[in-house]
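S.K.: I am attaching a structure below and will ask some questions about it afterwards.
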Amino acid sequence: QSVISVKFLFSRTLGYYFLRTYFPLTIIVMCSWVSFWLVKTQYGGEIVARVGLGITCCLAVVTIGFIGDTKLKVPYATALDVFVIICFAFVFLALVEYAFIH
């Protein structure tokens with residue numbers, strides 16, 4: 001009885017994905033939380049800042065997460081896709097939260 005065994009070892013450097021997707025999206029989500037710290041003024045000057053910051057962060061997440069062509073084309077959702085959707089939800093809900101409070 002003969003047995004042959006083959007062992008494959010694959011490795012992937014994750015630095016590319018951290019520098020191009022994970023790190024920028026995390027920074028954008030944290031920047032969207034700055035709108036919670038803006039103080040309400042008598043003349044409503046913070047309204048433009050909050051809405052502008054929220055829309056800019058939403059567009060940045062869409063650009064980095066959904067429009068980037070560097071992702072693999074697979075028919076199922078990857079962990080990167082889930083992370084992008086969660087980041088978009090955080091940024092969009094920060095914008096929607098202001099609409100409910102105001």
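Identifiers in the structure tokens: chain A, B, ... in order shown; residue index from 1 per chain; ligand index from 1 in order shown.
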What's around stretch 21-23 of chain A at 12 Å? Count only C-alpha atoms, leave out sequence neighbours fewer than 2 positions away in its own chain, and write the answer as a PyMOL selection string.

M.R.: chain A and resi 14-19+25-30+60-71+79-87

S.K.: If you count only C-alpha atoms, which residues fall within 8 Å of A:Val51, apart from same-chain ones fewer than 4 positions away, as a PyMOL selection string?

M.R.: chain A and resi 47+55+95

S.K.: When you count only C-alpha atoms, which of these residues is closest to A:Leu59: A:Gln42, A:Ser32, A:Ser2, A:Thr78?

M.R.: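 Checking each candidate against A:Leu59, we get A:Ser32 as the closest.
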
S.K.: Give me the residues within 7 Å of A:Cys58 as number ranges by chain, counting only C-alpha atoms and dropping any in the same chain fewer than 6 places off.

M.R.: A: 88, 91-92

S.K.: Tell me which protein, DNA and RNA residues are within 12 Å of A:Glu46, counting only C-alpha atoms, leaving out same-chain ones fewer than 3 positions away, and put them as a PyMOL selection string.

M.R.: chain A and resi 34-43+49-53+98+102

S.K.: What is the atom CA of A:Ile101 to atom CA of A:Val48 distance in Å?

M.R.: 14.9 Å

S.K.: One decimal, in Å: what's the spacing between atom CA of A:Val96 and atom CA of A:Arg20?

M.R.: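 Rounded to one decimal, the two atoms are 27.0 Å apart.
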
S.K.: A:Ile4, A:Leu9, A:Ala77, A:Cys57: which is nearest A:Leu93, counting only C-alpha atoms?

M.R.: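 Of A:Ile4, A:Leu9, A:Ala77, A:Cys57, the one nearest A:Leu93 is A:Cys57, counting only C-alpha atoms.
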
S.K.: To one decimal place, how far is atom CA of A:Ser11 from atom CA of A:Leu72 in Å?

M.R.: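 These atoms are spaced 16.4 Å apart.
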
S.K.: Kindly indicate which residue among A:Ala99, A:Ala89, A:Cys31, A:Val6 lies nearest to A:Thr56, using only C-alpha atoms for the distances.

M.R.: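 Closest residue, counting only C-alpha atoms: A:Cys31.
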
S.K.: Please give the complete set of residues from chain A that DSSP, run on the backbone, assigns to alpha helix (DSSP H), formatted as a CSV table (one decimal) with all heavy atoms, in the first residue's frame.

M.R.:
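Saved result, states-v3.csv, follows:
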chain,number,residue,atom,x,y,z
A,15,GLY,N,-0.8,43.7,3.9
A,15,GLY,CA,-0.5,45.1,4.0
A,15,GLY,C,-1.2,45.9,2.9
A,15,GLY,O,-1.6,47.1,3.1
A,16,TYR,N,-1.3,45.4,1.7
A,16,TYR,CA,-1.9,46.1,0.6
A,16,TYR,C,-3.4,46.4,1.0
A,16,TYR,O,-3.8,47.6,0.8
A,16,TYR,CB,-1.9,45.3,-0.7
A,16,TYR,CG,-2.6,45.9,-1.8
A,16,TYR,CD1,-2.1,46.9,-2.5
A,16,TYR,CD2,-3.9,45.5,-2.2
A,16,TYR,CE1,-2.7,47.5,-3.6
A,16,TYR,CE2,-4.6,46.1,-3.2
A,16,TYR,CZ,-4.0,47.1,-3.9
A,16,TYR,OH,-4.7,47.7,-5.0
A,17,TYR,N,-4.1,45.5,1.5
A,17,TYR,CA,-5.5,45.7,1.8
A,17,TYR,C,-5.7,46.6,3.0
A,17,TYR,O,-6.6,47.4,3.1
A,17,TYR,CB,-6.3,44.4,2.0
A,17,TYR,CG,-6.4,43.6,0.8
A,17,TYR,CD1,-5.6,42.5,0.5
A,17,TYR,CD2,-7.3,43.9,-0.2
A,17,TYR,CE1,-5.7,41.8,-0.6
A,17,TYR,CE2,-7.5,43.2,-1.3
A,17,TYR,CZ,-6.6,42.1,-1.6
A,17,TYR,OH,-6.7,41.4,-2.7
A,23,PHE,N,-7.6,50.7,6.6
A,23,PHE,CA,-7.2,51.9,7.3
A,23,PHE,C,-7.9,53.2,6.9
A,23,PHE,O,-8.4,53.9,7.7
A,23,PHE,CB,-5.6,52.0,7.2
A,23,PHE,CG,-5.1,53.1,8.0
A,23,PHE,CD1,-5.1,53.0,9.4
A,23,PHE,CD2,-4.5,54.2,7.4
A,23,PHE,CE1,-4.5,54.0,10.2
A,23,PHE,CE2,-4.0,55.2,8.2
A,23,PHE,CZ,-4.0,55.2,9.5
A,24,PRO,N,-8.0,53.5,5.5
A,24,PRO,CA,-8.7,54.7,5.2
A,24,PRO,C,-10.2,54.7,5.6
A,24,PRO,O,-10.7,55.7,6.0
A,24,PRO,CB,-8.6,54.7,3.6
A,24,PRO,CG,-7.4,53.9,3.3
A,24,PRO,CD,-7.3,52.8,4.4
A,25,LEU,N,-10.8,53.5,5.5
A,25,LEU,CA,-12.3,53.5,5.8
A,25,LEU,C,-12.4,53.7,7.3
A,25,LEU,O,-13.4,54.3,7.8
A,25,LEU,CB,-12.9,52.1,5.4
A,25,LEU,CG,-13.2,52.0,3.9
A,25,LEU,CD1,-13.7,50.6,3.6
A,25,LEU,CD2,-14.1,53.1,3.5
A,26,THR,N,-11.5,53.1,8.1
A,26,THR,CA,-11.6,53.4,9.6
A,26,THR,C,-11.4,54.8,9.9
A,26,THR,O,-12.1,55.4,10.8
A,26,THR,CB,-10.5,52.5,10.3
A,26,THR,OG1,-10.7,51.1,9.9
A,26,THR,CG2,-10.6,52.6,11.8
A,27,ILE,N,-10.5,55.5,9.3
A,27,ILE,CA,-10.3,56.9,9.5
A,27,ILE,C,-11.5,57.7,9.0
A,27,ILE,O,-11.9,58.7,9.7
A,27,ILE,CB,-9.0,57.4,8.7
A,27,ILE,CG1,-7.8,56.7,9.3
A,27,ILE,CG2,-8.8,58.9,8.8
A,27,ILE,CD1,-7.4,57.0,10.7
A,28,ILE,N,-12.1,57.4,7.9
A,28,ILE,CA,-13.3,58.1,7.5
A,28,ILE,C,-14.4,57.9,8.4
A,28,ILE,O,-15.2,58.9,8.7
A,28,ILE,CB,-13.7,57.6,6.0
A,28,ILE,CG1,-12.6,58.1,5.1
A,28,ILE,CG2,-15.0,58.2,5.7
A,28,ILE,CD1,-12.8,57.5,3.7
A,29,VAL,N,-14.6,56.7,9.0
A,29,VAL,CA,-15.7,56.5,10.0
A,29,VAL,C,-15.5,57.4,11.2
A,29,VAL,O,-16.4,58.0,11.7
A,29,VAL,CB,-15.8,55.0,10.3
A,29,VAL,CG1,-16.7,54.8,11.5
A,29,VAL,CG2,-16.4,54.3,9.1
A,30,MET,N,-14.2,57.4,11.7
A,30,MET,CA,-13.9,58.2,12.8
A,30,MET,C,-14.1,59.7,12.5
A,30,MET,O,-14.5,60.5,13.4
A,30,MET,CB,-12.5,57.9,13.3
A,30,MET,CG,-12.4,56.6,14.0
A,30,MET,SD,-10.8,56.4,14.9
A,30,MET,CE,-9.9,55.6,13.7
A,31,CYS,N,-13.8,60.1,11.3
A,31,CYS,CA,-14.0,61.5,11.0
A,31,CYS,C,-15.5,61.9,10.9
A,31,CYS,O,-15.9,63.0,11.2
A,31,CYS,CB,-13.4,61.8,9.6
A,31,CYS,SG,-11.6,62.0,9.6
A,32,SER,N,-16.3,60.9,10.6
A,32,SER,CA,-17.7,61.2,10.5
A,32,SER,C,-18.3,61.4,11.9
A,32,SER,O,-19.3,62.1,12.1
A,32,SER,CB,-18.5,60.1,9.8
A,32,SER,OG,-18.5,58.9,10.6
A,45,GLY,N,-24.8,77.7,12.4
A,45,GLY,CA,-23.6,77.6,11.6
A,45,GLY,C,-23.1,76.1,11.6
A,45,GLY,O,-22.3,75.8,10.6
A,46,GLU,N,-23.4,75.3,12.5
A,46,GLU,CA,-23.0,74.0,12.6
A,46,GLU,C,-23.7,73.1,11.6
A,46,GLU,O,-23.3,71.9,11.3
A,46,GLU,CB,-23.0,73.4,14.0
A,46,GLU,CG,-24.4,72.9,14.4
A,46,GLU,CD,-25.4,74.0,14.7
A,46,GLU,OE1,-25.1,75.1,14.8
A,46,GLU,OE2,-26.6,73.6,14.9
A,47,ILE,N,-24.9,73.5,11.1
A,47,ILE,CA,-25.7,72.7,10.2
A,47,ILE,C,-24.9,72.4,9.0
A,47,ILE,O,-24.9,71.2,8.5
A,47,ILE,CB,-27.0,73.4,9.9
A,47,ILE,CG1,-27.9,73.5,11.2
A,47,ILE,CG2,-27.8,72.7,8.9
A,47,ILE,CD1,-29.1,74.3,11.1
A,48,VAL,N,-24.4,73.4,8.4
A,48,VAL,CA,-23.6,73.2,7.1
A,48,VAL,C,-22.4,72.3,7.3
A,48,VAL,O,-22.1,71.5,6.5
A,48,VAL,CB,-23.2,74.6,6.6
A,48,VAL,CG1,-22.3,74.4,5.3
A,48,VAL,CG2,-24.4,75.5,6.3
A,49,ALA,N,-21.8,72.5,8.5
A,49,ALA,CA,-20.6,71.6,8.8
A,49,ALA,C,-21.0,70.2,9.0
A,49,ALA,O,-20.3,69.3,8.4
A,49,ALA,CB,-19.9,72.2,10.0
A,50,ARG,N,-22.1,69.9,9.7
A,50,ARG,CA,-22.5,68.5,9.9
A,50,ARG,C,-22.9,67.9,8.6
A,50,ARG,O,-22.6,66.7,8.4
A,50,ARG,CB,-23.6,68.5,10.9
A,50,ARG,CG,-23.2,68.7,12.3
A,50,ARG,CD,-24.3,68.6,13.3
A,50,ARG,NE,-23.9,69.1,14.6
A,50,ARG,CZ,-24.3,68.7,15.7
A,50,ARG,NH1,-25.2,67.7,15.8
A,50,ARG,NH2,-23.9,69.2,16.9
A,51,VAL,N,-23.8,68.5,7.9
A,51,VAL,CA,-24.3,67.9,6.6
A,51,VAL,C,-23.1,67.8,5.6
A,51,VAL,O,-23.0,66.7,5.0
A,51,VAL,CB,-25.4,68.8,6.1
A,51,VAL,CG1,-25.8,68.3,4.7
A,51,VAL,CG2,-26.6,68.8,7.0
A,52,GLY,N,-22.3,68.8,5.5
A,52,GLY,CA,-21.2,68.6,4.6
A,52,GLY,C,-20.2,67.5,5.0
A,52,GLY,O,-19.7,66.8,4.1
A,53,LEU,N,-19.9,67.4,6.2
A,53,LEU,CA,-19.0,66.4,6.7
A,53,LEU,C,-19.7,65.0,6.5
A,53,LEU,O,-19.0,64.1,6.0
A,53,LEU,CB,-18.7,66.6,8.2
A,53,LEU,CG,-17.8,65.5,8.8
A,53,LEU,CD1,-16.4,65.6,8.2
A,53,LEU,CD2,-17.7,65.8,10.3
A,54,GLY,N,-20.9,64.9,6.8
A,54,GLY,CA,-21.6,63.6,6.6
A,54,GLY,C,-21.7,63.1,5.1
A,54,GLY,O,-21.4,62.0,4.8
A,55,ILE,N,-22.0,64.1,4.2
A,55,ILE,CA,-22.1,63.7,2.8
A,55,ILE,C,-20.7,63.4,2.3
A,55,ILE,O,-20.5,62.5,1.5
A,55,ILE,CB,-22.8,64.9,2.0
A,55,ILE,CG1,-24.3,64.9,2.4
A,55,ILE,CG2,-22.6,64.7,0.6
A,55,ILE,CD1,-25.0,66.1,1.9
A,56,THR,N,-19.7,64.2,2.7
A,56,THR,CA,-18.4,63.9,2.2
A,56,THR,C,-17.9,62.6,2.7
A,56,THR,O,-17.2,61.8,1.9
A,56,THR,CB,-17.4,65.0,2.7
A,56,THR,OG1,-17.9,66.3,2.2
A,56,THR,CG2,-16.0,64.8,2.2
A,57,CYS,N,-18.2,62.2,3.9
A,57,CYS,CA,-17.7,60.9,4.4
A,57,CYS,C,-18.5,59.8,3.7
A,57,CYS,O,-17.9,58.7,3.4
A,57,CYS,CB,-17.9,60.8,5.9
A,57,CYS,SG,-16.8,61.8,6.8
A,58,CYS,N,-19.8,60.0,3.4
A,58,CYS,CA,-20.5,59.0,2.6
A,58,CYS,C,-19.9,58.8,1.3
A,58,CYS,O,-19.7,57.6,0.8
A,58,CYS,CB,-22.0,59.4,2.5
A,58,CYS,SG,-23.0,59.0,4.0
A,59,LEU,N,-19.6,59.8,0.6
A,59,LEU,CA,-19.1,59.7,-0.8
A,59,LEU,C,-17.7,59.1,-0.7
A,59,LEU,O,-17.3,58.3,-1.6
A,59,LEU,CB,-19.0,61.1,-1.4
A,59,LEU,CG,-20.4,61.7,-1.8
A,59,LEU,CD1,-20.2,63.1,-2.3
A,59,LEU,CD2,-21.1,60.9,-2.8
A,60,ALA,N,-16.9,59.4,0.3
A,60,ALA,CA,-15.6,58.8,0.4
A,60,ALA,C,-15.6,57.3,0.6
A,60,ALA,O,-14.9,56.5,0.0
A,60,ALA,CB,-14.8,59.5,1.5
A,61,VAL,N,-16.6,56.9,1.5
A,61,VAL,CA,-16.7,55.4,1.7
A,61,VAL,C,-17.2,54.7,0.4
A,61,VAL,O,-16.7,53.6,0.1
A,61,VAL,CB,-17.7,55.2,2.8
A,61,VAL,CG1,-18.1,53.7,2.9
A,61,VAL,CG2,-17.1,55.6,4.2
A,62,VAL,N,-18.1,55.3,-0.3
A,62,VAL,CA,-18.6,54.7,-1.6
A,62,VAL,C,-17.4,54.7,-2.6
A,62,VAL,O,-17.3,53.6,-3.2
A,62,VAL,CB,-19.8,55.6,-2.1
A,62,VAL,CG1,-20.1,55.2,-3.6
A,62,VAL,CG2,-21.0,55.4,-1.3
A,63,THR,N,-16.6,55.7,-2.6
A,63,THR,CA,-15.5,55.7,-3.6
A,63,THR,C,-14.5,54.7,-3.3
A,63,THR,O,-14.0,53.9,-4.1
A,63,THR,CB,-14.9,57.1,-3.6
A,63,THR,OG1,-15.8,58.1,-4.0
A,63,THR,CG2,-13.7,57.1,-4.6
A,64,ILE,N,-14.1,54.6,-2.0
A,64,ILE,CA,-13.1,53.6,-1.6
A,64,ILE,C,-13.6,52.2,-1.6
A,64,ILE,O,-12.9,51.3,-2.1
A,64,ILE,CB,-12.5,54.0,-0.2
A,64,ILE,CG1,-11.7,55.2,-0.3
A,64,ILE,CG2,-11.6,52.8,0.3
A,64,ILE,CD1,-11.2,55.7,1.0
A,65,GLY,N,-14.8,52.0,-1.1
A,65,GLY,CA,-15.3,50.6,-0.9
A,65,GLY,C,-16.0,50.0,-2.1
A,65,GLY,O,-15.8,48.8,-2.4
A,79,ALA,N,-15.1,39.2,3.3
A,79,ALA,CA,-15.0,39.9,4.6
A,79,ALA,C,-14.8,41.4,4.3
A,79,ALA,O,-15.3,42.3,5.0
A,79,ALA,CB,-13.9,39.4,5.4
A,80,LEU,N,-14.1,41.7,3.2
A,80,LEU,CA,-13.9,43.1,2.8
A,80,LEU,C,-15.2,43.8,2.4
A,80,LEU,O,-15.5,44.9,2.8
A,80,LEU,CB,-12.9,43.2,1.7
A,80,LEU,CG,-12.5,44.6,1.2
A,80,LEU,CD1,-11.8,45.3,2.3
A,80,LEU,CD2,-11.6,44.5,0.0
A,81,ASP,N,-16.1,43.1,1.7
A,81,ASP,CA,-17.4,43.6,1.4
A,81,ASP,C,-18.2,43.9,2.6
A,81,ASP,O,-18.9,44.9,2.7
A,81,ASP,CB,-18.1,42.6,0.4
A,81,ASP,CG,-17.4,42.4,-0.9
A,81,ASP,OD1,-16.8,43.4,-1.3
A,81,ASP,OD2,-17.6,41.3,-1.5
A,82,VAL,N,-18.2,43.0,3.5
A,82,VAL,CA,-19.0,43.2,4.8
A,82,VAL,C,-18.4,44.4,5.6
A,82,VAL,O,-19.2,45.2,6.1
A,82,VAL,CB,-18.9,41.9,5.6
A,82,VAL,CG1,-19.5,42.1,7.0
A,82,VAL,CG2,-19.6,40.8,4.9
A,83,PHE,N,-17.1,44.5,5.6
A,83,PHE,CA,-16.5,45.6,6.3
A,83,PHE,C,-16.9,47.0,5.6
A,83,PHE,O,-17.2,47.9,6.3
A,83,PHE,CB,-15.0,45.5,6.3
A,83,PHE,CG,-14.2,46.6,7.1
A,83,PHE,CD1,-14.2,46.6,8.4
A,83,PHE,CD2,-13.6,47.6,6.4
A,83,PHE,CE1,-13.6,47.6,9.1
A,83,PHE,CE2,-12.9,48.6,7.1
A,83,PHE,CZ,-12.9,48.6,8.5
A,84,VAL,N,-16.9,47.0,4.3
A,84,VAL,CA,-17.3,48.2,3.6
A,84,VAL,C,-18.7,48.6,3.9
A,84,VAL,O,-19.1,49.8,4.1
A,84,VAL,CB,-17.0,48.1,2.1
A,84,VAL,CG1,-17.6,49.2,1.3
A,84,VAL,CG2,-15.5,48.0,1.8
A,85,ILE,N,-19.6,47.6,3.9
A,85,ILE,CA,-21.0,47.9,4.2
A,85,ILE,C,-21.2,48.3,5.6
A,85,ILE,O,-22.0,49.3,5.8
A,85,ILE,CB,-21.8,46.6,3.8
A,85,ILE,CG1,-21.8,46.4,2.3
A,85,ILE,CG2,-23.3,46.7,4.4
A,85,ILE,CD1,-22.4,45.0,1.9
A,86,ILE,N,-20.5,47.8,6.5
A,86,ILE,CA,-20.6,48.2,7.9
A,86,ILE,C,-20.1,49.6,8.1
A,86,ILE,O,-20.7,50.5,8.8
A,86,ILE,CB,-19.9,47.2,8.9
A,86,ILE,CG1,-20.6,45.9,8.9
A,86,ILE,CG2,-19.7,47.8,10.3
A,86,ILE,CD1,-19.9,44.8,9.7
A,87,CYS,N,-19.0,50.0,7.4
A,87,CYS,CA,-18.5,51.3,7.5
A,87,CYS,C,-19.5,52.3,6.9
A,87,CYS,O,-19.7,53.4,7.4
A,87,CYS,CB,-17.1,51.4,6.8
A,87,CYS,SG,-15.8,50.7,7.6
A,88,PHE,N,-20.1,52.0,5.7
A,88,PHE,CA,-21.1,52.8,5.1
A,88,PHE,C,-22.3,53.0,6.0
A,88,PHE,O,-22.8,54.1,6.2
A,88,PHE,CB,-21.5,52.3,3.8
A,88,PHE,CG,-22.5,53.2,3.1
A,88,PHE,CD1,-22.1,54.3,2.5
A,88,PHE,CD2,-23.8,52.9,3.1
A,88,PHE,CE1,-23.0,55.2,1.8
A,88,PHE,CE2,-24.8,53.7,2.5
A,88,PHE,CZ,-24.3,54.8,1.8
A,89,ALA,N,-22.7,52.0,6.7
A,89,ALA,CA,-23.8,52.1,7.6
A,89,ALA,C,-23.5,53.0,8.8
A,89,ALA,O,-24.3,53.8,9.2
A,89,ALA,CB,-24.2,50.7,8.2
A,90,PHE,N,-22.3,52.9,9.4
A,90,PHE,CA,-21.9,53.8,10.4
A,90,PHE,C,-21.9,55.3,10.0
A,90,PHE,O,-22.4,56.2,10.7
A,90,PHE,CB,-20.5,53.4,11.0
A,90,PHE,CG,-20.5,52.4,12.0
A,90,PHE,CD1,-19.8,51.3,11.9
A,90,PHE,CD2,-21.3,52.5,13.2
A,90,PHE,CE1,-19.8,50.3,12.9
A,90,PHE,CE2,-21.3,51.5,14.1
A,90,PHE,CZ,-20.5,50.4,14.0
A,91,VAL,N,-21.3,55.5,8.8
A,91,VAL,CA,-21.2,56.9,8.3
A,91,VAL,C,-22.6,57.4,8.0
A,91,VAL,O,-23.0,58.6,8.3
A,91,VAL,CB,-20.3,57.0,7.1
A,91,VAL,CG1,-20.4,58.3,6.4
A,91,VAL,CG2,-18.9,56.7,7.5
A,92,PHE,N,-23.4,56.6,7.3
A,92,PHE,CA,-24.8,57.1,6.9
A,92,PHE,C,-25.7,57.3,8.2
A,92,PHE,O,-26.4,58.2,8.2
A,92,PHE,CB,-25.4,56.1,6.0
A,92,PHE,CG,-26.7,56.5,5.4
A,92,PHE,CD1,-26.8,57.5,4.5
A,92,PHE,CD2,-27.9,55.9,5.9
A,92,PHE,CE1,-28.0,57.9,4.0
A,92,PHE,CE2,-29.1,56.3,5.4
A,92,PHE,CZ,-29.2,57.3,4.5
A,93,LEU,N,-25.6,56.4,9.1
A,93,LEU,CA,-26.4,56.6,10.4
A,93,LEU,C,-26.0,57.8,11.2
A,93,LEU,O,-26.8,58.4,11.8
A,93,LEU,CB,-26.3,55.3,11.2
A,93,LEU,CG,-27.1,54.1,10.6
A,93,LEU,CD1,-26.8,52.9,11.4
A,93,LEU,CD2,-28.5,54.4,10.5
A,94,ALA,N,-24.7,58.2,11.1
A,94,ALA,CA,-24.2,59.4,11.8
A,94,ALA,C,-24.9,60.6,11.1
A,94,ALA,O,-25.3,61.6,11.8
A,94,ALA,CB,-22.7,59.5,11.7
A,95,LEU,N,-25.1,60.5,9.8
A,95,LEU,CA,-25.8,61.6,9.1
A,95,LEU,C,-27.3,61.6,9.4
A,95,LEU,O,-27.9,62.7,9.6
A,95,LEU,CB,-25.5,61.5,7.6
A,95,LEU,CG,-26.1,62.5,6.6
A,95,LEU,CD1,-25.5,63.9,7.0
A,95,LEU,CD2,-25.8,62.2,5.2
A,96,VAL,N,-27.9,60.5,9.4
A,96,VAL,CA,-29.3,60.3,9.6
A,96,VAL,C,-29.6,60.7,11.1
A,96,VAL,O,-30.7,61.3,11.3
A,96,VAL,CB,-29.8,58.9,9.3
A,96,VAL,CG1,-31.2,58.7,9.8
A,96,VAL,CG2,-29.7,58.7,7.8
A,97,GLU,N,-28.7,60.4,12.0
A,97,GLU,CA,-29.0,60.8,13.4
A,97,GLU,C,-29.1,62.3,13.6
A,97,GLU,O,-30.0,62.7,14.3
A,97,GLU,CB,-27.8,60.3,14.2
A,97,GLU,CG,-27.9,60.5,15.7
A,97,GLU,CD,-27.3,61.9,16.1
A,97,GLU,OE1,-26.5,62.4,15.4
A,97,GLU,OE2,-27.7,62.3,17.2
A,98,TYR,N,-28.4,63.1,12.8
A,98,TYR,CA,-28.5,64.5,12.9
A,98,TYR,C,-29.9,64.9,12.4
A,98,TYR,O,-30.5,65.9,12.9
A,98,TYR,CB,-27.4,65.2,12.1
A,98,TYR,CG,-27.6,66.7,12.1
A,98,TYR,CD1,-27.4,67.4,13.3
A,98,TYR,CD2,-28.0,67.4,11.0
A,98,TYR,CE1,-27.7,68.8,13.3
A,98,TYR,CE2,-28.2,68.7,11.0
A,98,TYR,CZ,-28.0,69.4,12.2
A,98,TYR,OH,-28.2,70.8,12.2
A,99,ALA,N,-30.4,64.3,11.3
A,99,ALA,CA,-31.7,64.7,10.8
A,99,ALA,C,-32.8,64.4,11.8
A,99,ALA,O,-33.8,65.1,11.9
A,99,ALA,CB,-31.9,63.9,9.5
A,100,PHE,N,-32.7,63.3,12.6
A,100,PHE,CA,-33.7,63.0,13.6
A,100,PHE,C,-33.6,64.0,14.7
A,100,PHE,O,-34.7,64.4,15.3
A,100,PHE,CB,-33.6,61.6,14.1
A,100,PHE,CG,-34.1,60.6,13.1
A,100,PHE,CD1,-33.4,59.5,12.7
A,100,PHE,CD2,-35.5,60.7,12.7
A,100,PHE,CE1,-33.9,58.6,11.8
A,100,PHE,CE2,-36.0,59.7,11.9
A,100,PHE,CZ,-35.2,58.7,11.4
A,101,ILE,N,-32.4,64.4,15.1
A,101,ILE,CA,-32.3,65.3,16.3
A,101,ILE,C,-32.7,66.7,15.9
A,101,ILE,O,-33.3,67.4,16.7
A,101,ILE,CB,-30.9,65.2,16.8
A,101,ILE,CG1,-30.6,63.9,17.4
A,101,ILE,CG2,-30.6,66.4,17.8
A,101,ILE,CD1,-29.7,63.8,18.5
